[in-house]
>>> print(open('protein29.txt').read())   # compact mmCIF, C-alpha atoms (C1' of nucleotides)
# COMPACT_ATOMS: atom_id res chain seq x y z
CA MET A 1429 0.00 0.00 0.00
CA VAL A 1430 1.55 3.22 -1.19
CA ASN A 1431 0.70 6.53 0.40
CA THR A 1432 -0.73 8.64 -2.40
CA ALA A 1433 0.04 11.83 -0.53
CA LEU A 1434 3.71 11.08 -0.86
CA ALA A 1435 3.35 10.86 -4.60
CA THR A 1436 1.63 14.22 -5.03
CA GLU A 1437 3.57 16.07 -2.35
CA PRO A 1438 7.31 15.60 -2.81
CA ARG A 1439 7.59 16.19 0.97
CA LEU A 1440 6.92 19.39 2.78
CA ASP A 1441 9.37 20.69 5.33
CA PRO A 1442 7.43 20.97 8.61
CA ARG A 1443 8.96 24.39 9.18
CA VAL A 1444 7.42 25.57 5.93
CA ALA A 1445 4.02 24.18 6.82
CA ARG A 1446 4.13 25.78 10.23
CA THR A 1447 5.31 29.14 8.94
CA GLN A 1448 2.61 29.27 6.29
CA LYS A 1449 -0.06 28.40 8.79
CA LEU A 1450 1.22 31.07 11.16
CA ILE A 1451 1.05 33.65 8.39
CA ARG A 1452 -2.42 32.62 7.27
CA ASP A 1453 -3.77 32.66 10.80
CA ALA A 1454 -2.16 36.03 11.39
CA LEU A 1455 -4.01 37.65 8.52
CA LYS A 1456 -7.25 35.98 9.51
CA THR A 1457 -7.16 37.42 13.00
CA LEU A 1458 -6.05 40.81 11.72
CA LEU A 1459 -8.98 40.89 9.32
CA ALA A 1460 -11.27 40.53 12.32
CA GLU A 1461 -9.77 43.71 13.71
CA LYS A 1462 -9.33 46.07 10.77
CA ASN A 1463 -9.84 46.21 7.05
CA PHE A 1464 -7.50 44.67 4.56
CA GLU A 1465 -5.86 47.70 3.05
CA SER A 1466 -4.84 49.13 6.41
CA ILE A 1467 -2.95 45.93 7.21
CA SER A 1468 0.75 46.03 6.32
CA VAL A 1469 3.05 43.11 5.63
CA GLN A 1470 4.88 44.06 8.79
CA ASP A 1471 1.69 43.73 10.79
CA ILE A 1472 1.16 40.25 9.42
CA ALA A 1473 4.75 39.17 10.00
CA GLU A 1474 4.71 40.53 13.51
CA ARG A 1475 1.44 38.84 14.41
CA ALA A 1476 2.70 35.59 12.93
CA THR A 1477 5.93 35.82 14.94
CA VAL A 1478 7.74 35.56 11.65
CA ASN A 1479 10.37 37.77 10.07
CA ARG A 1480 9.22 40.08 7.31
CA ALA A 1481 11.73 38.58 4.93
CA THR A 1482 10.30 35.16 5.65
CA PHE A 1483 6.89 36.39 4.59
CA TYR A 1484 8.23 37.27 1.18
CA ALA A 1485 9.81 33.86 0.90
CA HIS A 1486 6.33 32.37 0.95
CA PHE A 1487 4.03 34.95 -0.62
CA THR A 1488 4.78 37.60 -3.21
CA ASP A 1489 2.65 40.15 -1.35
CA LYS A 1490 -0.33 40.45 0.94
CA PHE A 1491 -2.75 40.07 -1.93
CA ALA A 1492 -1.33 36.69 -2.81
CA LEU A 1493 -1.74 35.69 0.80
CA LEU A 1494 -5.35 36.83 0.91
CA ASN A 1495 -5.93 34.94 -2.30
CA ALA A 1496 -4.55 31.77 -0.77
CA ILE A 1497 -6.76 32.15 2.27
CA ILE A 1498 -9.85 32.76 0.19
CA ARG A 1499 -9.14 29.73 -1.95
CA GLU A 1500 -8.57 27.62 1.10
CA HIS A 1501 -11.93 28.70 2.47
CA VAL A 1502 -13.68 28.30 -0.85
CA ALA A 1503 -12.35 24.78 -1.18
CA THR A 1504 -13.96 23.68 2.07
CA VAL A 1505 -17.30 25.32 1.28
CA LEU A 1506 -17.37 23.79 -2.19
CA ALA A 1507 -16.97 20.30 -0.77
CA ASP A 1508 -19.94 20.69 1.59
CA GLY A 1509 -22.36 17.81 1.11
CA ASP A 1510 -20.10 16.12 -1.43
CA PRO A 1511 -21.82 17.59 -4.51
CA LEU A 1512 -19.53 15.67 -6.84
CA GLY A 1513 -21.09 12.50 -5.47
CA GLN A 1514 -24.24 13.21 -7.52
CA THR A 1515 -24.44 10.96 -10.58
CA GLU A 1516 -26.97 13.01 -12.49
CA THR A 1517 -25.39 16.06 -14.15
CA ARG A 1518 -28.27 18.37 -13.41
CA ALA A 1519 -28.36 17.46 -9.72
CA LEU A 1520 -24.58 17.75 -9.51
CA LEU A 1521 -24.53 21.25 -10.95
CA ARG A 1522 -27.36 22.36 -8.71
CA ALA A 1523 -25.51 21.11 -5.66
CA VAL A 1524 -22.30 22.84 -6.71
CA GLY A 1525 -24.18 26.02 -7.52
CA LYS A 1526 -25.77 26.04 -4.11
CA ASN A 1527 -22.34 26.01 -2.46
CA VAL A 1528 -21.02 28.74 -4.73
CA PHE A 1529 -23.94 31.03 -3.97
CA ALA A 1530 -23.67 30.22 -0.30
CA PHE A 1531 -20.03 31.22 -0.26
CA VAL A 1532 -20.59 34.42 -2.19
CA GLY A 1533 -23.51 35.26 0.06
CA MET A 1534 -21.64 34.81 3.29
CA HIS A 1535 -18.99 37.27 2.18
CA ARG A 1536 -21.39 40.16 1.95
CA THR A 1537 -20.44 41.48 5.36
CA CYS A 1538 -16.76 40.63 5.20
CA ARG A 1539 -14.30 43.46 5.71
CA ILE A 1540 -12.42 42.64 2.55
CA ASP A 1541 -15.05 43.81 0.06
CA ARG A 1542 -14.90 47.02 -1.91
CA ASP A 1543 -12.33 46.91 -4.66
CA PHE A 1544 -11.32 43.42 -3.71
CA GLU A 1545 -14.22 41.85 -5.53
CA PRO A 1546 -12.25 41.14 -8.70
CA GLN A 1547 -9.66 39.17 -6.74
CA LEU A 1548 -12.42 37.44 -4.85
CA GLU A 1549 -14.18 36.44 -8.02
CA SER A 1550 -11.12 35.14 -9.78
CA ALA A 1551 -10.05 33.23 -6.68
CA ILE A 1552 -13.38 31.48 -6.51
CA GLU A 1553 -13.30 30.75 -10.21
CA ALA A 1554 -9.82 29.28 -10.03
CA GLU A 1555 -10.67 27.08 -7.09
CA LEU A 1556 -13.97 25.98 -8.56
CA THR A 1557 -12.29 25.06 -11.83
CA GLU A 1558 -9.84 22.85 -10.00
CA PHE A 1559 -12.68 21.42 -7.97
CA LEU A 1560 -14.53 20.40 -11.12
CA GLN A 1561 -11.50 18.96 -12.91
CA PRO A 1562 -12.01 15.37 -11.82
CA THR A 1563 -15.56 15.46 -13.16
CA PHE A 1564 -15.34 17.61 -16.30
CA GLU A 1565 -12.61 18.15 -18.84
CA HIS A 1566 -10.68 21.33 -18.22
CA CYS A 1567 -12.35 23.48 -20.83
CA THR A 1568 -15.83 22.58 -19.64
CA ALA A 1569 -14.89 22.94 -15.98
CA SER A 1570 -13.60 26.43 -16.63
CA LEU A 1571 -16.74 27.45 -18.47
CA VAL A 1572 -19.03 26.11 -15.77
CA ALA A 1573 -16.97 27.84 -13.11
CA SER A 1574 -17.13 31.18 -14.84
CA ALA A 1575 -20.86 30.88 -15.39
CA LEU A 1576 -21.68 29.94 -11.83
CA VAL A 1577 -19.38 32.43 -10.16
CA GLY A 1578 -20.32 35.24 -12.50
CA SER A 1579 -24.00 34.59 -11.87
CA ALA A 1580 -23.45 34.43 -8.16
CA MET A 1581 -21.63 37.77 -8.13
CA ASN A 1582 -24.39 39.25 -10.21
CA TRP A 1583 -27.05 37.90 -7.87
CA ARG A 1584 -25.16 39.32 -4.97
CA HIS A 1585 -25.32 42.80 -6.42
CA GLN A 1586 -28.78 42.72 -7.90
CA ALA A 1587 -30.94 40.85 -5.44
CA PRO A 1588 -28.92 39.42 -2.58
CA LYS A 1589 -32.03 39.05 -0.44
CA MET A 1590 -33.86 36.83 -2.89
CA ASP A 1591 -33.70 33.06 -2.63
CA PHE A 1592 -31.09 31.85 -5.07
CA ALA A 1593 -32.57 28.43 -5.77
CA PRO A 1594 -34.58 29.54 -8.84
CA ALA A 1595 -31.61 31.42 -10.25
CA ILE A 1596 -29.45 28.33 -9.96
CA ALA A 1597 -32.12 26.18 -11.57
CA LYS A 1598 -32.20 28.50 -14.57
CA ILE A 1599 -28.43 28.55 -14.94
CA VAL A 1600 -28.23 24.80 -14.73
CA ASP A 1601 -30.94 24.45 -17.36
CA VAL A 1602 -28.97 26.62 -19.74
CA LEU A 1603 -25.73 24.79 -19.04
CA VAL A 1604 -27.22 21.38 -19.50
CA ASP A 1605 -29.65 21.92 -22.37
CA GLY A 1606 -27.70 24.58 -24.23
CA VAL A 1607 -28.16 28.26 -24.77
CA ALA A 1608 -30.58 27.77 -27.64
CA ARG A 1609 -33.56 27.64 -25.27
CA GLY A 1610 -32.82 31.07 -23.92
CA ARG A 1611 -32.46 32.64 -27.34
CA HIS A 1612 -34.87 35.40 -28.20
CA PRO A 1613 -37.29 34.58 -31.02
CA ILE A 1614 -36.25 35.80 -34.46
CA MET B 1368 14.57 56.07 28.23
CA VAL B 1369 16.28 52.71 28.28
CA ASN B 1370 14.34 49.49 27.91
CA THR B 1371 15.10 47.48 31.03
CA ALA B 1372 14.05 44.27 29.34
CA LEU B 1373 16.97 44.64 26.97
CA ALA B 1374 19.34 44.74 29.89
CA THR B 1375 18.05 41.60 31.57
CA GLU B 1376 17.41 39.59 28.41
CA PRO B 1377 20.50 39.55 26.20
CA ARG B 1378 18.18 39.01 23.20
CA LEU B 1379 16.05 36.00 22.53
CA ASP B 1380 15.84 34.56 19.05
CA PRO B 1381 12.14 34.60 18.10
CA ARG B 1382 12.49 31.08 16.74
CA VAL B 1383 13.59 29.92 20.17
CA ALA B 1384 10.70 31.67 21.88
CA ARG B 1385 8.22 30.21 19.43
CA THR B 1386 9.63 26.70 19.66
CA GLN B 1387 9.59 26.71 23.44
CA LYS B 1388 6.04 27.94 23.50
CA LEU B 1389 5.00 25.25 21.03
CA ILE B 1390 6.60 22.59 23.21
CA ARG B 1391 5.05 23.92 26.40
CA ASP B 1392 1.60 24.14 24.84
CA ALA B 1393 1.99 20.66 23.42
CA LEU B 1394 2.57 19.10 26.82
CA LYS B 1395 -0.25 21.13 28.33
CA THR B 1396 -2.78 19.82 25.85
CA LEU B 1397 -1.42 16.29 26.10
CA LEU B 1398 -1.81 16.38 29.87
CA ALA B 1399 -5.49 17.09 29.35
CA GLU B 1400 -5.73 13.84 27.41
CA LYS B 1401 -3.58 11.34 29.29
CA ASN B 1402 -1.33 11.08 32.31
CA PHE B 1403 2.23 12.30 32.36
CA GLU B 1404 4.16 9.07 32.41
CA SER B 1405 2.35 7.69 29.38
CA ILE B 1406 3.42 10.72 27.35
CA SER B 1407 6.64 10.23 25.39
CA VAL B 1408 9.05 12.87 24.17
CA GLN B 1409 8.03 11.88 20.67
CA ASP B 1410 4.40 12.60 21.47
CA ILE B 1411 5.32 16.05 22.67
CA ALA B 1412 7.55 16.80 19.70
CA GLU B 1413 4.92 15.59 17.27
CA ARG B 1414 2.14 17.63 18.85
CA ALA B 1415 4.38 20.68 18.91
CA THR B 1416 5.24 20.20 15.21
CA VAL B 1417 8.85 20.16 16.28
CA ASN B 1418 11.59 17.66 15.65
CA ARG B 1419 12.50 15.38 18.51
CA ALA B 1420 16.11 16.52 18.37
CA THR B 1421 14.89 20.09 18.71
CA PHE B 1422 13.12 19.15 21.91
CA TYR B 1423 16.40 17.99 23.43
CA ALA B 1424 18.03 21.25 22.38
CA HIS B 1425 15.67 23.07 24.74
CA PHE B 1426 14.92 20.64 27.58
CA THR B 1427 17.01 17.83 28.99
CA ASP B 1428 13.95 15.58 29.25
CA LYS B 1429 10.21 15.65 29.73
CA PHE B 1430 10.57 16.14 33.46
CA ALA B 1431 12.51 19.33 32.95
CA LEU B 1432 9.78 20.53 30.63
CA LEU B 1433 7.07 19.74 33.13
CA ASN B 1434 9.10 21.54 35.74
CA ALA B 1435 9.28 24.64 33.56
CA ILE B 1436 5.54 24.57 32.97
CA ILE B 1437 4.77 24.15 36.64
CA ARG B 1438 7.03 27.03 37.55
CA GLU B 1439 5.46 29.21 34.90
CA HIS B 1440 2.04 28.45 36.31
CA VAL B 1441 3.15 28.87 39.89
CA ALA B 1442 4.58 32.27 39.08
CA THR B 1443 1.25 33.59 37.85
CA VAL B 1444 -0.70 32.17 40.79
CA LEU B 1445 1.79 33.57 43.28
CA ALA B 1446 1.32 37.05 41.89
CA ASP B 1447 -2.47 36.98 42.29
CA GLY B 1448 -3.63 40.00 44.22
CA ASP B 1449 -0.13 41.44 44.41
CA PRO B 1450 0.69 39.97 47.85
CA LEU B 1451 4.09 41.67 47.87
CA GLY B 1452 2.27 44.97 47.91
CA GLN B 1453 1.41 44.40 51.58
CA THR B 1454 3.54 46.56 53.83
CA GLU B 1455 2.90 44.62 57.00
CA THR B 1456 4.98 41.44 57.13
CA ARG B 1457 2.25 39.35 58.67
CA ALA B 1458 -0.31 40.38 56.10
CA LEU B 1459 2.20 39.84 53.33
CA LEU B 1460 2.99 36.30 54.39
CA ARG B 1461 -0.66 35.46 54.82
CA ALA B 1462 -1.39 36.68 51.31
CA VAL B 1463 1.50 34.69 49.88
CA GLY B 1464 0.50 31.64 51.87
CA LYS B 1465 -3.03 31.84 50.57
CA ASN B 1466 -1.73 31.69 47.00
CA VAL B 1467 0.60 28.80 47.75
CA PHE B 1468 -2.18 26.74 49.33
CA ALA B 1469 -4.50 27.66 46.51
CA PHE B 1470 -2.00 26.39 43.97
CA VAL B 1471 -1.30 23.19 45.81
CA GLY B 1472 -5.00 22.64 46.30
CA MET B 1473 -5.90 23.07 42.65
CA HIS B 1474 -3.42 20.37 41.70
CA ARG B 1475 -5.21 17.70 43.66
CA THR B 1476 -7.06 16.43 40.64
CA CYS B 1477 -4.30 16.98 38.14
CA ARG B 1478 -3.14 14.01 36.12
CA ILE B 1479 0.48 14.55 37.02
CA ASP B 1480 0.32 13.45 40.65
CA ARG B 1481 1.64 10.17 42.01
CA ASP B 1482 5.38 10.04 42.22
CA PHE B 1483 5.71 13.48 40.71
CA GLU B 1484 5.02 15.19 43.99
CA PRO B 1485 8.69 15.67 44.87
CA GLN B 1486 9.29 17.50 41.59
CA LEU B 1487 6.13 19.50 42.12
CA GLU B 1488 7.20 20.52 45.57
CA SER B 1489 10.70 21.55 44.64
CA ALA B 1490 9.43 23.46 41.62
CA ILE B 1491 7.06 25.46 43.77
CA GLU B 1492 9.76 26.06 46.32
CA ALA B 1493 12.21 27.29 43.72
CA GLU B 1494 9.71 29.64 42.15
CA LEU B 1495 8.48 30.93 45.47
CA THR B 1496 12.02 31.61 46.61
CA GLU B 1497 12.64 33.71 43.52
CA PHE B 1498 9.31 35.41 44.01
CA LEU B 1499 10.26 36.45 47.52
CA GLN B 1500 13.77 37.62 46.63
CA PRO B 1501 12.91 41.29 46.10
CA THR B 1502 11.34 41.41 49.55
CA PHE B 1503 13.52 39.14 51.65
CA GLU B 1504 17.19 38.31 51.55
CA HIS B 1505 17.88 35.03 49.85
CA CYS B 1506 18.38 32.90 52.92
CA THR B 1507 15.17 34.12 54.49
CA ALA B 1508 13.22 33.79 51.26
CA SER B 1509 14.34 30.20 50.91
CA LEU B 1510 13.35 29.36 54.46
CA VAL B 1511 9.91 30.94 54.12
CA ALA B 1512 9.37 29.14 50.84
CA SER B 1513 10.26 25.77 52.31
CA ALA B 1514 8.02 26.34 55.28
CA LEU B 1515 5.01 27.44 53.29
CA VAL B 1516 5.29 24.83 50.57
CA GLY B 1517 6.04 22.02 52.98
CA SER B 1518 3.06 22.97 55.10
CA ALA B 1519 0.85 23.19 52.05
CA MET B 1520 1.88 19.74 50.85
CA ASN B 1521 1.27 18.39 54.32
CA TRP B 1522 -2.15 20.01 54.50
CA ARG B 1523 -2.94 18.55 51.14
CA HIS B 1524 -2.29 15.03 52.39
CA GLN B 1525 -3.70 15.32 55.87
CA ALA B 1526 -6.83 17.41 55.56
CA PRO B 1527 -7.29 18.78 52.06
CA LYS B 1528 -10.97 19.42 52.71
CA MET B 1529 -10.37 21.69 55.65
CA ASP B 1530 -10.19 25.43 55.25
CA PHE B 1531 -6.54 26.37 55.12
CA ALA B 1532 -6.84 29.88 56.54
CA PRO B 1533 -6.23 28.83 60.17
CA ALA B 1534 -3.27 26.71 59.15
CA ILE B 1535 -1.70 29.64 57.35
CA ALA B 1536 -2.33 31.94 60.29
CA LYS B 1537 -0.48 29.53 62.53
CA ILE B 1538 2.48 29.19 60.20
CA VAL B 1539 2.74 32.93 59.80
CA ASP B 1540 2.64 33.42 63.53
CA VAL B 1541 5.53 31.06 63.94
CA LEU B 1542 7.52 32.64 61.12
CA VAL B 1543 7.02 36.31 61.75
CA ASP B 1544 9.05 37.00 64.84
CA GLY B 1545 12.21 35.48 63.47
CA VAL B 1546 11.54 36.50 59.92
CA ALA B 1547 10.86 40.17 60.48
CA ARG B 1548 14.51 40.88 61.09
CA GLY B 1549 15.51 39.56 57.68
CA ARG B 1550 13.08 41.68 55.76
CA HIS B 1551 14.40 44.56 53.70
CA PRO B 1552 13.44 48.04 54.96
CA ILE B 1553 10.10 49.49 53.85
C1' DG C 690 13.19 -16.61 27.48
C1' DC C 691 13.69 -14.11 23.39
C1' DG C 692 12.97 -11.37 19.36
C1' DA C 693 10.21 -7.33 17.84
C1' DA C 694 8.85 -2.96 18.64
C1' DA C 695 9.14 1.47 20.68
C1' DG C 696 11.55 5.06 23.29
C1' DT C 697 15.81 7.57 24.52
C1' DG C 698 19.64 10.68 23.95
C1' DT C 699 23.19 12.19 20.66
C1' DC C 700 25.72 13.51 16.35
C1' DG C 701 26.85 15.52 11.63
C1' DC C 702 24.87 17.45 7.61
C1' DT C 703 21.35 20.18 5.21
C1' DT C 704 17.87 23.79 4.98
C1' DA C 705 14.57 27.38 6.53
C1' DG C 706 14.25 31.40 9.14
C1' DG C 707 16.08 35.71 11.68
C1' DC C 708 18.80 39.82 11.24
C1' DG C 709 20.34 44.08 9.55
C1' DA C 710 20.95 46.90 5.88
C1' DC C 711 19.93 48.70 1.44
C1' DG C 712 17.64 51.72 -2.20
C1' DA C 713 13.29 53.02 -3.61
C1' DG C 714 8.72 54.77 -3.49
C1' DA C 715 4.56 56.82 -0.87
C1' DA C 716 2.52 59.64 2.77
C1' DC C 717 2.76 63.19 5.75
C1' DG C 718 3.52 67.71 7.91
C1' DG C 719 6.28 71.69 8.68
C1' DC D 807 8.76 72.91 -1.12
C1' DC D 808 11.75 69.49 1.12
C1' DG D 809 12.88 66.73 5.14
C1' DT D 810 10.77 63.02 8.03
C1' DT D 811 8.72 58.84 8.41
C1' DC D 812 6.83 54.57 6.90
C1' DT D 813 6.42 50.66 3.99
C1' DC D 814 8.17 47.84 0.49
C1' DG D 815 10.99 44.25 -1.72
C1' DT D 816 15.62 42.23 -1.74
C1' DC D 817 20.24 40.65 -0.33
C1' DG D 818 24.19 38.13 2.31
C1' DC D 819 25.57 36.33 6.57
C1' DC D 820 24.58 33.62 10.63
C1' DT D 821 21.84 30.52 13.54
C1' DA D 822 18.06 27.45 14.87
C1' DA D 823 15.47 23.61 13.34
C1' DG D 824 14.76 19.29 10.47
C1' DC D 825 16.59 14.90 9.10
C1' DG D 826 18.37 10.36 9.37
C1' DA D 827 21.19 7.37 11.64
C1' DC D 828 23.36 5.57 15.59
C1' DA D 829 23.86 2.66 19.98
C1' DC D 830 21.27 1.87 23.86
C1' DT D 831 17.56 0.68 27.15
C1' DT D 832 12.75 -0.48 28.07
C1' DT D 833 8.61 -2.74 27.15
C1' DC D 834 5.86 -6.14 25.27
C1' DG D 835 3.77 -10.38 23.42
C1' DC D 836 4.39 -14.99 22.09
>>> encode(input="protein29.txt", output="structure tokens")
Amino acid sequence: MVNTALATEPRLDPRVARTQKLIRDALKTLLAEKNFESISVQDIAERATVNRATFYAHFTDKFALLNAIIREHVATVLADGDPLGQTETRALLRAVGKNVFAFVGMHRTCRIDRDFEPQLESAIEAELTEFLQPTFEHCTASLVASALVGSAMNWRHQAPKMDFAPAIAKIVDVLVDGVARGRHPI
Amino acid sequence: MVNTALATEPRLDPRVARTQKLIRDALKTLLAEKNFESISVQDIAERATVNRATFYAHFTDKFALLNAIIREHVATVLADGDPLGQTETRALLRAVGKNVFAFVGMHRTCRIDRDFEPQLESAIEAELTEFLQPTFEHCTASLVASALVGSAMNWRHQAPKMDFAPAIAKIVDVLVDGVARGRHPI
DNA sequence: GCGAAAGTGTCGCTTAGGCGACGAGAACGG
DNA sequence: CCGTTCTCGTCGCCTAAGCGACACTTTCGC
């Protein structure tokens, strides 16, 4: 019996793992205290009990770090209820969509917002694409991800208080049956 | 304005501080799960996300670590209510004694017990002696510490359910007359 | 009783992290 | 306007931590 983790991860120095966790946790707690743009790399390094230079050895800047944290969070939310376990395509997409909307919805009150939305969106898209890879071929996964995330962001701005179930149903219908059904009559 | 901490501490590498804290916390959490003697150095190192060799670079063995933790805890309990703030010797000793008995009492249910008592006792004594140093000359501090801790351990075995206030009063009465002469002015 | 398994304490070698300094850009306040 | 201050990103040197192996001792389980 071979450990598959060893195959994918060529071995991670425990110091690296620890340092990265310290840095992630540092930003998380700081975000609970003040907004993102008023947080400096020094703040993060200090809170993480890590040297500033060490920070740069792991993340190019604080945006990259935030991105990593978002993606980490997204990944867990996406897996809720094991949506990929659904055999029927329509049911699978609905389940995935529900998680995407849920994630986008819960970040309405987050301190990050405002001018970070583009990063947020692309982070979700990237993570969702990876999440769908085992089920769809890359090109399709990417398209589905864009569609779902884009719709979710749109819903968030237009009618965040409305139930998102109908919106998801419509999106899934289009994705599964093709765009022809939604075409305006000629 | 000179930072006094810089004078006393010749500079502590943050990695060292972090590692030691990780190791301390590791043993603390492990003690909440199982008893001391069934905890191996490996267990501690693993929980602390620290290499076993690193453990030995900081503590000679697990007993030394436990000792350090005890002393750390003792130090905080001893300072409760700022007993050294008392100007009257009798009141001061009573306040200190109360904290000592409180500490010894709260360790009745601790998983460490049984055959660790000698270490426990000497750790408390050592810490208490240091604690009393600014107020009493070393020799006196040591004597007072031995008396208080020894009495507390005795009380713990003989009549742990009895109120310890009278016992302390008695000890203080015995100590005061001889001890007053060794106390620093003011 | 004995071999296997697990724990201990230590040692050299390798690698990640801390330090201090640097030049550069941005923000501020006189 | 220009100095002051702060943050950024990077570099070379040094040190702490990780690794794997070693020779023991202890503890089991058969």
>>> residues_around(input="protein29.txt", residues="A:Phe1487", least_positions_apart="5", cutoff="12 Å", atoms="all atoms listed in the file", output="number ranges by chain")
A: 1444, 1447-1448, 1451-1452, 1469, 1472-1473, 1480-1482, 1492-1497; D: 815
>>> interface_residues(input="protein29.txt", of="chain D", to="chain B", cutoff="8 Å", atoms="all atoms listed in the file", output="PyMOL selection string")
chain D and resi 822-824
>>> write_last_selection(input="protein29.txt", atoms="C-alpha atoms (C1' of nucleotides)", output="short mmCIF file (atom, residue, chain, number, x, y, z; two decimals), keeping the file's coordinate frame")
data_model
loop_
_atom_site.label_atom_id
_atom_site.label_comp_id
_atom_site.auth_asym_id
_atom_site.auth_seq_id
_atom_site.Cartn_x
_atom_site.Cartn_y
_atom_site.Cartn_z
"C1'" DA D 822 18.06 27.45 14.87
"C1'" DA D 823 15.47 23.61 13.34
"C1'" DG D 824 14.76 19.29 10.47
#
>>> atom_distance(input="protein29.txt", atom1="atom CA of A:Ala1445", atom2="atom CA of A:Lys1490")
17.8 Å
>>> closest_atom_pairs(input="protein29.txt", of="stretch 1515-1537 of chain A", to="stretch 1591-1597 of chain A", cutoff="9 Å", atoms="all atoms listed in the file", output="tab-separated table")
residue	atom	partner	partner_atom	distance
A:Arg1518	CA	A:Ala1597	CA	8.9
A:Leu1521	CA	A:Ile1596	CA	8.7
A:Arg1522	CA	A:Ile1596	CA	6.4
A:Gly1525	CA	A:Ile1596	CA	6.3
A:Lys1526	CA	A:Ile1596	CA	7.3
A:Phe1529	CA	A:Phe1592	CA	7.3
A:Ala1530	CA	A:Phe1592	CA	9.0
>>> residues_near_point(input="protein29.txt", point="(-14.6, 30.4, -1.9)", cutoff="9 Å", atoms="only C-alpha atoms (C1' of nucleotides)", output="PyMOL selection string")
chain A and resi 1498-1506+1527-1528+1531-1532+1548-1549+1551-1553+1555-1556
>>> closest_residue(input="protein29.txt", among="A:Ser1570, A:Met1534, A:Arg1439, A:Arg1446", to="chain B", atoms="all atoms listed in the file")
A:Arg1446
>>> closest_atom_pairs(input="protein29.txt", of="chain C", to="chain B", cutoff="12 Å", atoms="all atoms listed in the file", output="tab-separated table")
residue	atom	partner	partner_atom	distance
C:DA695	C1'	B:Ser1407	CA	10.3
C:DG696	C1'	B:Ser1407	CA	7.4
C:DT697	C1'	B:Val1408	CA	8.6
C:DG698	C1'	B:Tyr1423	CA	8.0
C:DT699	C1'	B:Ala1420	CA	8.6
C:DC700	C1'	B:Ala1420	CA	10.3
C:DA705	C1'	B:Arg1382	CA	11.1
C:DG706	C1'	B:Arg1382	CA	7.8
C:DG707	C1'	B:Asp1380	CA	7.5
C:DC708	C1'	B:Asp1380	CA	9.9
>>> atom_distance(input="protein29.txt", atom1="atom CA of A:Thr1515", atom2="atom CA of A:Gly1578")
24.7 Å
>>> calpha_fit_rmsd(input="protein29.txt", fixed="chain A", moving="chain B")
5.0 Å
>>> atom_distance(input="protein29.txt", atom1="atom CA of A:Pro1511", atom2="atom CA of A:Met1581")
20.5 Å
>>> closest_residue(input="protein29.txt", among="A:Thr1457, A:Thr1477, A:Asn1582, A:Ser1466", to="A:Gly1533", atoms="all atoms listed in the file")
A:Asn1582
>>> closest_residue(input="protein29.txt", among="A:Ile1467, A:Val1607, A:Val1524, A:Ala1476", to="chain B", atoms="only C-alpha atoms")
A:Ala1476
>>> residues_around(input="protein29.txt", residues="C:DA710", least_positions_apart="2", cutoff="12 Å", atoms="all atoms listed in the file", output="list in words")
DC708 and DG712 of chain C; DT816, DC817, DG818 and DC819 of chain D
>>> write_last_selection(input="protein29.txt", atoms="C-alpha atoms (C1' of nucleotides)", output="CSV table (one decimal), keeping the file's coordinate frame")
chain,number,residue,atom,x,y,z
C,708,DC,C1',18.8,39.8,11.2
C,712,DG,C1',17.6,51.7,-2.2
D,816,DT,C1',15.6,42.2,-1.7
D,817,DC,C1',20.2,40.6,-0.3
D,818,DG,C1',24.2,38.1,2.3
D,819,DC,C1',25.6,36.3,6.6
>>> decode(input="protein29.txt", residues="stretch 807-834 of chain D", atoms="C-alpha atoms (C1' of nucleotides)", output="PDB file, in the first residue's frame")
ATOM      1  C1'  DC D 807       8.760  72.907  -1.115  1.00  0.00           C
ATOM      2  C1'  DC D 808      11.749  69.495   1.122  1.00  0.00           C
ATOM      3  C1'  DG D 809      12.876  66.730   5.142  1.00  0.00           C
ATOM      4  C1'  DT D 810      10.768  63.018   8.029  1.00  0.00           C
ATOM      5  C1'  DT D 811       8.720  58.844   8.408  1.00  0.00           C
ATOM      6  C1'  DC D 812       6.831  54.566   6.900  1.00  0.00           C
ATOM      7  C1'  DT D 813       6.422  50.661   3.992  1.00  0.00           C
ATOM      8  C1'  DC D 814       8.173  47.837   0.486  1.00  0.00           C
ATOM      9  C1'  DG D 815      10.992  44.246  -1.718  1.00  0.00           C
ATOM     10  C1'  DT D 816      15.615  42.229  -1.741  1.00  0.00           C
ATOM     11  C1'  DC D 817      20.242  40.646  -0.330  1.00  0.00           C
ATOM     12  C1'  DG D 818      24.185  38.132   2.307  1.00  0.00           C
ATOM     13  C1'  DC D 819      25.565  36.329   6.571  1.00  0.00           C
ATOM     14  C1'  DC D 820      24.582  33.624  10.630  1.00  0.00           C
ATOM     15  C1'  DT D 821      21.842  30.521  13.540  1.00  0.00           C
ATOM     16  C1'  DA D 822      18.059  27.453  14.866  1.00  0.00           C
ATOM     17  C1'  DA D 823      15.475  23.613  13.345  1.00  0.00           C
ATOM     18  C1'  DG D 824      14.759  19.291  10.466  1.00  0.00           C
ATOM     19  C1'  DC D 825      16.585  14.899   9.104  1.00  0.00           C
ATOM     20  C1'  DG D 826      18.367  10.356   9.374  1.00  0.00           C
ATOM     21  C1'  DA D 827      21.192   7.367  11.636  1.00  0.00           C
ATOM     22  C1'  DC D 828      23.360   5.573  15.588  1.00  0.00           C
ATOM     23  C1'  DA D 829      23.859   2.655  19.981  1.00  0.00           C
ATOM     24  C1'  DC D 830      21.266   1.867  23.860  1.00  0.00           C
ATOM     25  C1'  DT D 831      17.556   0.680  27.149  1.00  0.00           C
ATOM     26  C1'  DT D 832      12.751  -0.479  28.068  1.00  0.00           C
ATOM     27  C1'  DT D 833       8.613  -2.738  27.148  1.00  0.00           C
ATOM     28  C1'  DC D 834       5.856  -6.136  25.268  1.00  0.00           C
TER      29       DC D 834
END
